[in-house]
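Q: File follows, run_29.pdb with PDB, C-alpha atoms:
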```pdb
ATOM      1  CA  MET L  28      61.968 101.800  78.051  1.00  0.00           C
ATOM      2  CA  THR L  29      65.043 103.832  77.144  1.00  0.00           C
ATOM      3  CA  ASP L  30      63.208 107.185  77.012  1.00  0.00           C
ATOM      4  CA  GLN L  31      61.615 106.747  80.434  1.00  0.00           C
ATOM      5  CA  LYS L  32      61.309 110.126  82.089  1.00  0.00           C
ATOM      6  CA  PRO L  33      62.193 110.393  85.796  1.00  0.00           C
ATOM      7  CA  LEU L  34      59.407 110.616  88.329  1.00  0.00           C
ATOM      8  CA  PHE L  35      60.720 113.931  89.652  1.00  0.00           C
ATOM      9  CA  LYS L  36      63.039 116.340  87.913  1.00  0.00           C
ATOM     10  CA  ALA L  37      65.742 118.069  89.943  1.00  0.00           C
ATOM     11  CA  PRO L  38      63.648 121.144  90.871  1.00  0.00           C
ATOM     12  CA  TYR L  39      60.600 119.346  92.199  1.00  0.00           C
ATOM     13  CA  ASP L  40      57.288 120.341  90.662  1.00  0.00           C
ATOM     14  CA  ILE L  41      55.146 121.871  93.413  1.00  0.00           C
ATOM     15  CA  LYS L  42      52.007 120.206  92.060  1.00  0.00           C
ATOM     16  CA  ASP L  43      53.555 116.736  92.298  1.00  0.00           C
ATOM     17  CA  VAL L  44      54.762 117.402  95.831  1.00  0.00           C
ATOM     18  CA  GLY L  45      51.342 118.765  96.802  1.00  0.00           C
ATOM     19  CA  VAL L  46      49.541 115.733  95.419  1.00  0.00           C
ATOM     20  CA  LEU L  47      51.877 113.329  97.202  1.00  0.00           C
ATOM     21  CA  PHE L  48      51.609 115.282 100.442  1.00  0.00           C
ATOM     22  CA  SER L  49      47.809 115.333 100.284  1.00  0.00           C
ATOM     23  CA  ILE L  50      47.658 111.578  99.610  1.00  0.00           C
ATOM     24  CA  VAL L  51      49.938 110.851 102.569  1.00  0.00           C
ATOM     25  CA  ALA L  52      48.014 113.239 104.831  1.00  0.00           C
ATOM     26  CA  PHE L  53      44.685 111.680 103.805  1.00  0.00           C
ATOM     27  CA  VAL L  54      45.961 108.150 104.520  1.00  0.00           C
ATOM     28  CA  LEU L  55      47.328 109.213 107.904  1.00  0.00           C
ATOM     29  CA  ILE L  56      44.040 110.899 108.882  1.00  0.00           C
ATOM     30  CA  ILE L  57      42.034 107.803 107.914  1.00  0.00           C
ATOM     31  CA  ALA L  58      44.465 105.573 109.839  1.00  0.00           C
ATOM     32  CA  ALA L  59      44.227 107.807 112.923  1.00  0.00           C
ATOM     33  CA  ILE L  60      40.417 107.783 112.882  1.00  0.00           C
ATOM     34  CA  LEU L  61      40.236 104.024 112.393  1.00  0.00           C
ATOM     35  CA  GLY L  62      42.878 103.397 115.062  1.00  0.00           C
ATOM     36  CA  ASN L  63      41.079 105.633 117.538  1.00  0.00           C
ATOM     37  CA  ASN L  64      37.753 103.877 116.939  1.00  0.00           C
ATOM     38  CA  LEU L  65      39.309 100.426 117.201  1.00  0.00           C
ATOM     39  CA  PHE L  66      41.095 101.363 120.419  1.00  0.00           C
ATOM     40  CA  GLY L  67      37.795 102.620 121.847  1.00  0.00           C
ATOM     41  CA  VAL L  68      36.163  99.269 121.089  1.00  0.00           C
ATOM     42  CA  PHE L  69      39.163  97.496 122.650  1.00  0.00           C
ATOM     43  CA  GLN L  70      38.934  99.665 125.754  1.00  0.00           C
ATOM     44  CA  LYS L  71      35.253  98.897 126.202  1.00  0.00           C
ATOM     45  CA  SER L  72      35.761  95.156 125.802  1.00  0.00           C
ATOM     46  CA  VAL L  73      38.738  94.826 128.201  1.00  0.00           C
ATOM     47  CA  ASN L  74      38.383  95.820 131.834  1.00  0.00           C
ATOM     48  CA  PHE L  75      41.456  97.822 132.848  1.00  0.00           C
ATOM     49  CA  GLY L  76      40.258  98.509 136.400  1.00  0.00           C
TER      50      GLY L  76
END
```
Take the structure from the file and write it as structure tokens.
A:
Amino acid sequence: MTDQKPLFKAPYDIKDVGVLFSIVAFVLIIAAILGNNLFGVFQKSVNFG
């Protein structure tokens, strides 16, 4: 493990940054859709009025 290369070199590779950004964006979109659907179910089941 002495010749372990760093995850990112000093000038960040644009492909690595793009892949990480797309993974994070995809996870956030899925979380937003699921959260919106779950809140809709919660709103229907609880009477706020």
Q: Mind working out the centre and edge lengths of an axis-aligned box for stretch 41-46 of chain L, all listed atoms inside, 3 Å added to each side, rounded to one decimal in Å and written as JSON?
A:
```
{"center_x": 52.3, "center_y": 118.8, "center_z": 94.4, "size_x": 11.6, "size_y": 12.1, "size_z": 10.7}
```
Q: Using atom CA of L:Asn63 and atom CA of L:Ile50 as the two end points, give the distance in Å to one decimal.
A: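 Separation between atom CA of L:Asn63 and atom CA of L:Ile50: 20.0 Å.
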Q: In Å to one decimal, how far is atom CA of L:Leu47 from atom CA of L:Ala59?
A: 18.3 Å
Q: Quote the spacing between atom CA of L:Gln31 and atom CA of L:Gly45 in Å to one decimal place.
A: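 Going from atom CA of L:Gln31 over to atom CA of L:Gly45 covers 22.8 Å.
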Q: Where atoms are absent from stretch 41-64 of chain L, fill them in so it carries N, CA, C and O atoms, then output it as an mmCIF file, in the frame of the given file.
A:
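The result, written out as selection-v8.cif:
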```cif
data_model
loop_
_atom_site.group_PDB
_atom_site.id
_atom_site.type_symbol
_atom_site.label_atom_id
_atom_site.label_comp_id
_atom_site.auth_asym_id
_atom_site.auth_seq_id
_atom_site.Cartn_x
_atom_site.Cartn_y
_atom_site.Cartn_z
ATOM 1 N N ILE L 41 55.917 121.650 92.183
ATOM 2 C CA ILE L 41 55.146 121.871 93.413
ATOM 3 C C ILE L 41 53.806 121.141 93.359
ATOM 4 O O ILE L 41 53.279 120.730 94.390
ATOM 5 N N LYS L 42 53.271 120.931 92.159
ATOM 6 C CA LYS L 42 52.007 120.206 92.060
ATOM 7 C C LYS L 42 52.194 118.733 92.423
ATOM 8 O O LYS L 42 51.369 118.160 93.127
ATOM 9 N N ASP L 43 53.294 118.135 91.962
ATOM 10 C CA ASP L 43 53.555 116.736 92.298
ATOM 11 C C ASP L 43 53.755 116.570 93.800
ATOM 12 O O ASP L 43 53.230 115.642 94.416
ATOM 13 N N VAL L 44 54.522 117.481 94.387
ATOM 14 C CA VAL L 44 54.762 117.402 95.831
ATOM 15 C C VAL L 44 53.453 117.608 96.593
ATOM 16 O O VAL L 44 53.181 116.918 97.577
ATOM 17 N N GLY L 45 52.621 118.521 96.137
ATOM 18 C CA GLY L 45 51.342 118.765 96.802
ATOM 19 C C GLY L 45 50.419 117.571 96.726
ATOM 20 O O GLY L 45 49.745 117.234 97.705
ATOM 21 N N VAL L 46 50.394 116.917 95.560
ATOM 22 C CA VAL L 46 49.541 115.733 95.419
ATOM 23 C C VAL L 46 50.035 114.619 96.322
ATOM 24 O O VAL L 46 49.240 113.977 97.032
ATOM 25 N N LEU L 47 51.339 114.383 96.332
ATOM 26 C CA LEU L 47 51.877 113.329 97.202
ATOM 27 C C LEU L 47 51.621 113.647 98.671
ATOM 28 O O LEU L 47 51.248 112.773 99.455
ATOM 29 N N PHE L 48 51.827 114.903 99.055
ATOM 30 C CA PHE L 48 51.609 115.282 100.442
ATOM 31 C C PHE L 48 50.147 115.102 100.841
ATOM 32 O O PHE L 48 49.842 114.621 101.927
ATOM 33 N N SER L 49 49.224 115.474 99.948
ATOM 34 C CA SER L 49 47.809 115.333 100.284
ATOM 35 C C SER L 49 47.406 113.869 100.378
ATOM 36 O O SER L 49 46.594 113.500 101.238
ATOM 37 N N ILE L 50 47.969 113.011 99.518
ATOM 38 C CA ILE L 50 47.658 111.578 99.610
ATOM 39 C C ILE L 50 48.153 111.019 100.934
ATOM 40 O O ILE L 50 47.429 110.301 101.632
ATOM 41 N N VAL L 51 49.379 111.356 101.307
ATOM 42 C CA VAL L 51 49.938 110.851 102.569
ATOM 43 C C VAL L 51 49.142 111.387 103.750
ATOM 44 O O VAL L 51 48.828 110.644 104.689
ATOM 45 N N ALA L 52 48.783 112.665 103.727
ATOM 46 C CA ALA L 52 48.014 113.239 104.831
ATOM 47 C C ALA L 52 46.645 112.575 104.935
ATOM 48 O O ALA L 52 46.182 112.273 106.043
ATOM 49 N N PHE L 53 45.997 112.323 103.791
ATOM 50 C CA PHE L 53 44.685 111.680 103.805
ATOM 51 C C PHE L 53 44.774 110.274 104.390
ATOM 52 O O PHE L 53 43.952 109.886 105.232
ATOM 53 N N VAL L 54 45.792 109.509 103.992
ATOM 54 C CA VAL L 54 45.961 108.150 104.520
ATOM 55 C C VAL L 54 46.226 108.191 106.019
ATOM 56 O O VAL L 54 45.682 107.381 106.779
ATOM 57 N N LEU L 55 47.035 109.138 106.475
ATOM 58 C CA LEU L 55 47.328 109.213 107.904
ATOM 59 C C LEU L 55 46.091 109.606 108.706
ATOM 60 O O LEU L 55 45.879 109.092 109.813
ATOM 61 N N ILE L 56 45.258 110.502 108.174
ATOM 62 C CA ILE L 56 44.040 110.899 108.882
ATOM 63 C C ILE L 56 43.086 109.712 108.986
ATOM 64 O O ILE L 56 42.517 109.450 110.052
ATOM 65 N N ILE L 57 42.913 108.982 107.887
ATOM 66 C CA ILE L 57 42.034 107.803 107.914
ATOM 67 C C ILE L 57 42.564 106.775 108.908
ATOM 68 O O ILE L 57 41.801 106.191 109.683
ATOM 69 N N ALA L 58 43.875 106.541 108.911
ATOM 70 C CA ALA L 58 44.465 105.573 109.839
ATOM 71 C C ALA L 58 44.281 106.020 111.282
ATOM 72 O O ALA L 58 44.000 105.191 112.168
ATOM 73 N N ALA L 59 44.396 107.316 111.558
ATOM 74 C CA ALA L 59 44.227 107.807 112.923
ATOM 75 C C ALA L 59 42.783 107.640 113.381
ATOM 76 O O ALA L 59 42.526 107.228 114.524
ATOM 77 N N ILE L 60 41.830 107.929 112.506
ATOM 78 C CA ILE L 60 40.417 107.783 112.882
ATOM 79 C C ILE L 60 40.081 106.317 113.128
ATOM 80 O O ILE L 60 39.442 105.963 114.132
ATOM 81 N N LEU L 61 40.515 105.449 112.222
ATOM 82 C CA LEU L 61 40.236 104.024 112.393
ATOM 83 C C LEU L 61 40.915 103.484 113.652
ATOM 84 O O LEU L 61 40.313 102.714 114.408
ATOM 85 N N GLY L 62 42.164 103.868 113.877
ATOM 86 C CA GLY L 62 42.878 103.397 115.062
ATOM 87 C C GLY L 62 42.226 103.869 116.342
ATOM 88 O O GLY L 62 42.123 103.118 117.312
ATOM 89 N N ASN L 63 41.738 105.101 116.351
ATOM 90 C CA ASN L 63 41.079 105.633 117.538
ATOM 91 C C ASN L 63 39.781 104.874 117.816
ATOM 92 O O ASN L 63 39.486 104.521 118.963
ATOM 93 N N ASN L 64 39.007 104.614 116.759
ATOM 94 C CA ASN L 64 37.753 103.877 116.939
ATOM 95 C C ASN L 64 38.018 102.455 117.395
ATOM 96 O O ASN L 64 37.327 101.945 118.293
#
```
